[in-house]
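See below for coords.txt, which holds compact mmCIF, N, CA and C atoms.
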```txt
# COMPACT_ATOMS: atom_id res chain seq x y z
N MET T 1 -38.35 79.47 -29.82
CA MET T 1 -39.22 78.83 -28.85
C MET T 1 -38.99 79.50 -27.49
N PRO T 2 -39.87 80.40 -27.10
CA PRO T 2 -39.70 81.09 -25.82
C PRO T 2 -39.98 80.18 -24.63
N THR T 3 -39.30 80.46 -23.54
CA THR T 3 -39.53 79.76 -22.29
C THR T 3 -40.36 80.65 -21.39
N VAL T 4 -41.38 80.07 -20.80
CA VAL T 4 -42.30 80.81 -19.94
C VAL T 4 -42.15 80.30 -18.52
N ARG T 5 -41.92 81.22 -17.58
CA ARG T 5 -41.87 80.84 -16.16
C ARG T 5 -43.26 81.02 -15.57
N ALA T 6 -43.70 80.03 -14.79
CA ALA T 6 -45.05 80.09 -14.25
C ALA T 6 -45.11 79.51 -12.85
N THR T 7 -46.03 80.04 -12.07
CA THR T 7 -46.36 79.50 -10.76
C THR T 7 -47.76 78.90 -10.87
N ILE T 8 -47.91 77.67 -10.40
CA ILE T 8 -49.19 76.98 -10.52
C ILE T 8 -49.94 77.04 -9.19
N LYS T 9 -51.21 77.33 -9.28
CA LYS T 9 -52.09 77.33 -8.10
C LYS T 9 -53.18 76.27 -8.35
N PRO T 10 -52.94 75.01 -7.94
CA PRO T 10 -53.94 73.97 -8.16
C PRO T 10 -55.13 74.10 -7.21
N ASN T 11 -56.22 73.42 -7.55
CA ASN T 11 -57.44 73.43 -6.74
C ASN T 11 -57.99 74.84 -6.53
N SER T 12 -57.81 75.70 -7.50
CA SER T 12 -58.21 77.09 -7.34
C SER T 12 -59.66 77.30 -7.75
N ARG T 13 -60.41 77.95 -6.92
CA ARG T 13 -61.78 78.32 -7.28
C ARG T 13 -61.77 79.51 -8.23
N LYS T 14 -60.64 80.22 -8.27
CA LYS T 14 -60.50 81.41 -9.11
C LYS T 14 -60.32 81.04 -10.59
N GLY T 15 -59.85 79.84 -10.86
CA GLY T 15 -59.45 79.47 -12.20
C GLY T 15 -60.56 78.90 -13.04
N PRO T 16 -60.26 78.57 -14.28
CA PRO T 16 -58.95 78.73 -14.92
C PRO T 16 -58.67 80.18 -15.30
N LEU T 17 -57.47 80.64 -14.92
CA LEU T 17 -57.12 82.04 -15.11
C LEU T 17 -55.61 82.18 -15.22
N VAL T 18 -55.15 83.13 -16.06
CA VAL T 18 -53.73 83.45 -16.19
C VAL T 18 -53.54 84.89 -15.75
N GLU T 19 -52.63 85.11 -14.79
CA GLU T 19 -52.27 86.46 -14.37
C GLU T 19 -50.80 86.68 -14.71
N ILE T 20 -50.48 87.87 -15.17
CA ILE T 20 -49.11 88.21 -15.53
C ILE T 20 -48.54 89.19 -14.51
N ALA T 21 -47.41 88.81 -13.90
CA ALA T 21 -46.76 89.66 -12.90
C ALA T 21 -45.89 90.70 -13.61
N ASP T 22 -45.42 91.68 -12.85
CA ASP T 22 -44.60 92.75 -13.41
C ASP T 22 -43.29 92.22 -14.00
N ASP T 23 -42.75 91.14 -13.44
CA ASP T 23 -41.49 90.59 -13.93
C ASP T 23 -41.68 89.62 -15.10
N GLY T 24 -42.91 89.46 -15.57
CA GLY T 24 -43.19 88.59 -16.71
C GLY T 24 -43.55 87.17 -16.34
N THR T 25 -43.48 86.85 -15.06
CA THR T 25 -43.86 85.52 -14.60
C THR T 25 -45.38 85.38 -14.64
N LEU T 26 -45.84 84.21 -15.06
CA LEU T 26 -47.27 83.96 -15.10
C LEU T 26 -47.71 83.20 -13.84
N THR T 27 -48.89 83.49 -13.37
CA THR T 27 -49.52 82.71 -12.32
C THR T 27 -50.73 82.04 -12.95
N LEU T 28 -50.73 80.70 -12.90
CA LEU T 28 -51.78 79.92 -13.52
C LEU T 28 -52.69 79.34 -12.44
N TYR T 29 -53.94 79.73 -12.45
CA TYR T 29 -54.92 79.21 -11.51
C TYR T 29 -55.70 78.11 -12.23
N VAL T 30 -55.57 76.88 -11.75
CA VAL T 30 -56.27 75.76 -12.37
C VAL T 30 -57.13 75.06 -11.33
N ARG T 31 -58.23 74.50 -11.78
CA ARG T 31 -59.15 73.82 -10.88
C ARG T 31 -58.70 72.40 -10.55
N ALA T 32 -57.84 71.82 -11.38
CA ALA T 32 -57.39 70.44 -11.20
C ALA T 32 -56.51 70.30 -9.96
N PRO T 33 -56.59 69.16 -9.28
CA PRO T 33 -55.74 68.93 -8.12
C PRO T 33 -54.31 68.58 -8.55
N ALA T 34 -53.37 68.74 -7.64
CA ALA T 34 -51.97 68.42 -7.92
C ALA T 34 -51.72 66.94 -7.64
N VAL T 35 -52.46 66.09 -8.36
CA VAL T 35 -52.36 64.64 -8.18
C VAL T 35 -52.21 64.00 -9.55
N GLU T 36 -51.21 63.13 -9.69
CA GLU T 36 -50.98 62.36 -10.91
C GLU T 36 -50.86 63.24 -12.15
N GLY T 37 -50.29 64.43 -12.01
CA GLY T 37 -50.04 65.30 -13.15
C GLY T 37 -51.26 66.02 -13.69
N LYS T 38 -52.37 65.96 -12.98
CA LYS T 38 -53.60 66.60 -13.47
C LYS T 38 -53.46 68.12 -13.53
N ALA T 39 -52.80 68.72 -12.55
CA ALA T 39 -52.61 70.17 -12.55
C ALA T 39 -51.66 70.57 -13.69
N ASN T 40 -50.63 69.76 -13.95
CA ASN T 40 -49.72 70.05 -15.06
C ASN T 40 -50.46 70.01 -16.39
N LYS T 41 -51.30 69.01 -16.57
CA LYS T 41 -52.06 68.90 -17.82
C LYS T 41 -53.00 70.09 -17.98
N ALA T 42 -53.67 70.49 -16.90
CA ALA T 42 -54.56 71.64 -16.95
C ALA T 42 -53.78 72.92 -17.25
N ALA T 43 -52.57 73.03 -16.70
CA ALA T 43 -51.74 74.21 -16.94
C ALA T 43 -51.32 74.29 -18.41
N ILE T 44 -50.99 73.15 -19.01
CA ILE T 44 -50.61 73.12 -20.43
C ILE T 44 -51.80 73.55 -21.28
N GLU T 45 -53.00 73.04 -20.96
CA GLU T 45 -54.19 73.42 -21.71
C GLU T 45 -54.48 74.91 -21.57
N LEU T 46 -54.31 75.44 -20.36
CA LEU T 46 -54.56 76.86 -20.11
C LEU T 46 -53.56 77.74 -20.86
N LEU T 47 -52.28 77.35 -20.85
CA LEU T 47 -51.26 78.13 -21.57
C LEU T 47 -51.50 78.09 -23.08
N ALA T 48 -51.89 76.92 -23.59
CA ALA T 48 -52.16 76.81 -25.02
C ALA T 48 -53.30 77.75 -25.42
N GLU T 49 -54.34 77.80 -24.59
CA GLU T 49 -55.46 78.70 -24.87
C GLU T 49 -55.03 80.16 -24.76
N HIS T 50 -54.20 80.47 -23.75
CA HIS T 50 -53.73 81.84 -23.52
C HIS T 50 -52.91 82.35 -24.70
N PHE T 51 -52.02 81.50 -25.24
CA PHE T 51 -51.16 81.92 -26.35
C PHE T 51 -51.77 81.65 -27.71
N GLY T 52 -52.92 80.98 -27.76
CA GLY T 52 -53.58 80.70 -29.02
C GLY T 52 -52.87 79.68 -29.87
N VAL T 53 -52.28 78.67 -29.23
CA VAL T 53 -51.58 77.60 -29.94
C VAL T 53 -52.19 76.25 -29.56
N ALA T 54 -51.78 75.20 -30.26
CA ALA T 54 -52.26 73.86 -29.94
C ALA T 54 -51.61 73.38 -28.65
N LYS T 55 -52.27 72.45 -27.97
CA LYS T 55 -51.72 71.89 -26.73
C LYS T 55 -50.37 71.24 -26.97
N SER T 56 -50.18 70.67 -28.16
CA SER T 56 -48.92 70.00 -28.48
C SER T 56 -47.75 70.99 -28.63
N ALA T 57 -48.05 72.27 -28.73
CA ALA T 57 -47.01 73.30 -28.87
C ALA T 57 -46.49 73.78 -27.52
N VAL T 58 -47.07 73.27 -26.44
CA VAL T 58 -46.65 73.66 -25.08
C VAL T 58 -46.07 72.43 -24.39
N ARG T 59 -44.83 72.55 -23.90
CA ARG T 59 -44.17 71.44 -23.22
C ARG T 59 -43.63 71.89 -21.87
N LEU T 60 -43.79 71.06 -20.86
CA LEU T 60 -43.24 71.31 -19.54
C LEU T 60 -41.76 70.97 -19.59
N SER T 61 -40.89 71.97 -19.38
CA SER T 61 -39.45 71.72 -19.50
C SER T 61 -38.77 71.56 -18.15
N ALA T 62 -39.36 72.09 -17.07
CA ALA T 62 -38.75 71.95 -15.75
C ALA T 62 -39.81 72.16 -14.68
N GLY T 63 -39.65 71.44 -13.57
CA GLY T 63 -40.52 71.65 -12.42
C GLY T 63 -41.76 70.78 -12.39
N ALA T 64 -41.66 69.54 -12.86
CA ALA T 64 -42.83 68.66 -12.94
C ALA T 64 -43.51 68.48 -11.58
N THR T 65 -42.73 68.43 -10.50
CA THR T 65 -43.31 68.23 -9.17
C THR T 65 -43.23 69.48 -8.31
N SER T 66 -42.82 70.58 -8.89
CA SER T 66 -42.68 71.84 -8.15
C SER T 66 -43.85 72.77 -8.47
N ARG T 67 -44.08 73.72 -7.59
CA ARG T 67 -45.09 74.74 -7.84
C ARG T 67 -44.60 75.73 -8.90
N PHE T 68 -43.27 75.86 -9.00
CA PHE T 68 -42.65 76.77 -9.96
C PHE T 68 -42.20 75.96 -11.18
N LYS T 69 -42.68 76.34 -12.35
CA LYS T 69 -42.45 75.55 -13.55
C LYS T 69 -41.94 76.40 -14.69
N ARG T 70 -41.31 75.73 -15.68
CA ARG T 70 -40.93 76.37 -16.92
C ARG T 70 -41.55 75.58 -18.06
N PHE T 71 -42.12 76.33 -18.99
CA PHE T 71 -42.75 75.73 -20.17
C PHE T 71 -42.09 76.28 -21.42
N ASP T 72 -41.91 75.41 -22.42
CA ASP T 72 -41.47 75.84 -23.75
C ASP T 72 -42.72 75.96 -24.61
N VAL T 73 -42.86 77.08 -25.30
CA VAL T 73 -44.04 77.33 -26.13
C VAL T 73 -43.59 77.60 -27.56
N ASP T 74 -44.11 76.82 -28.51
CA ASP T 74 -43.86 77.07 -29.93
C ASP T 74 -44.88 78.06 -30.43
N LEU T 75 -44.43 79.28 -30.71
CA LEU T 75 -45.36 80.31 -31.20
C LEU T 75 -45.32 80.41 -32.70
```
Do you think you could lay out the structure here as structure tokens?
Amino acid sequence: MPTVRATIKPNSRKGPLVEIADDGTLTLYVRAPAVEGKANKAAIELLAEHFGVAKSAVRLSAGATSRFKRFDVDL
């Protein structure tokens, strides 16, 4: 189960989009606001689509209220 480091950009007009940095960190652009976990939910859906897995295979492991997050992905 790999761990994915990601930076979330909520309320983005650019999204939904996944960009991969040189160090392997992902930047997730989501349209959802950072209110009541909506951006986290959108990020999970975006990562699941990006990796081609079910939403249930992606879990937020750290950073629930931070812009910098870690996700566990069952591939």
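For chain T, a DSSP pass over the backbone yields strand (DSSP E or B) at Thr3, Val4, Arg5, Ala6, Thr7, Ile8, Lys9, Leu17, Val18, Glu19, Ile20, Leu26, Thr27, Leu28, Tyr29, Val58, Arg59, Leu60, Ser61, Ala62, Phe68, Lys69, Arg70, Phe71, Asp72 and Val73 of chain T.
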#### Entry: Near-Ala34 in chain T list (6.5 Å; only N, CA and C atoms; drop same-chain fewer than 5 positions) as a PyMOL selection string
chain T and resi 10-11+39-40
#### Entry: Selection: 6 Å around Pro2 in chain T, only N, CA and C atoms, excl. self and same-chain fewer than 4 positions, as a PyMOL selection string
chain T and resi 71-75
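For the atom pair formed by atom N of Val4 in chain T and CA of Leu17 in chain T, the distance is 16.9 Å, given to one decimal.
Checking T:Ala6, T:Met1, T:Ile20, T:Val30 one by one against Arg67 in chain T, counting only C-alpha atoms, you find the shortest gap at T:Ala6.
Near Thr25 in chain T, within 6 Å and counting all atoms listed in the file, sit Arg5, Ala6, Thr7, Glu19, Ile20, Ala21 and Asp22 of chain T; same-chain residues fewer than 3 positions away were not included.
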Exercise on range 22-27 of chain T, axis-aligned box with 3 Å per side, report centre and edge lengths in Å to one decimal, as AutoDock Vina command-line options:
```
--center_x -46.1 --center_y 87.4 --center_z -14.5 --size_x 15.2 --size_y 16.7 --size_z 10.4
```
### Query
Interatomic distance between CA of Lys38 in chain T and atom N of Lys14 in chain T?
16.2 Å
### Task
Apply DSSP to the structure's backbone, then extract all residues of chain T labelled helix (DSSP H, G or I) and return them as an MDAnalysis selection string.
chainID T and resid 38:51 55:57
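Counting only N, CA and C atoms, the residue from T:Gly15, T:Ala64, T:Leu47, T:Ala54 that sits nearest to Ala32 in chain T is T:Gly15.
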### Query
What separation in Å, quoted to one decimal, exists between CA of Arg13 in chain T and CA of Ser56 in chain T?
26.2 Å
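For Val18 in chain T, the non-local neighbours within 7 Å, defined as residues at least 4 positions apart in the same chain or in other chains and counting only N, CA and C atoms, are Leu26, Thr27, Leu28 and Tyr29 of chain T.
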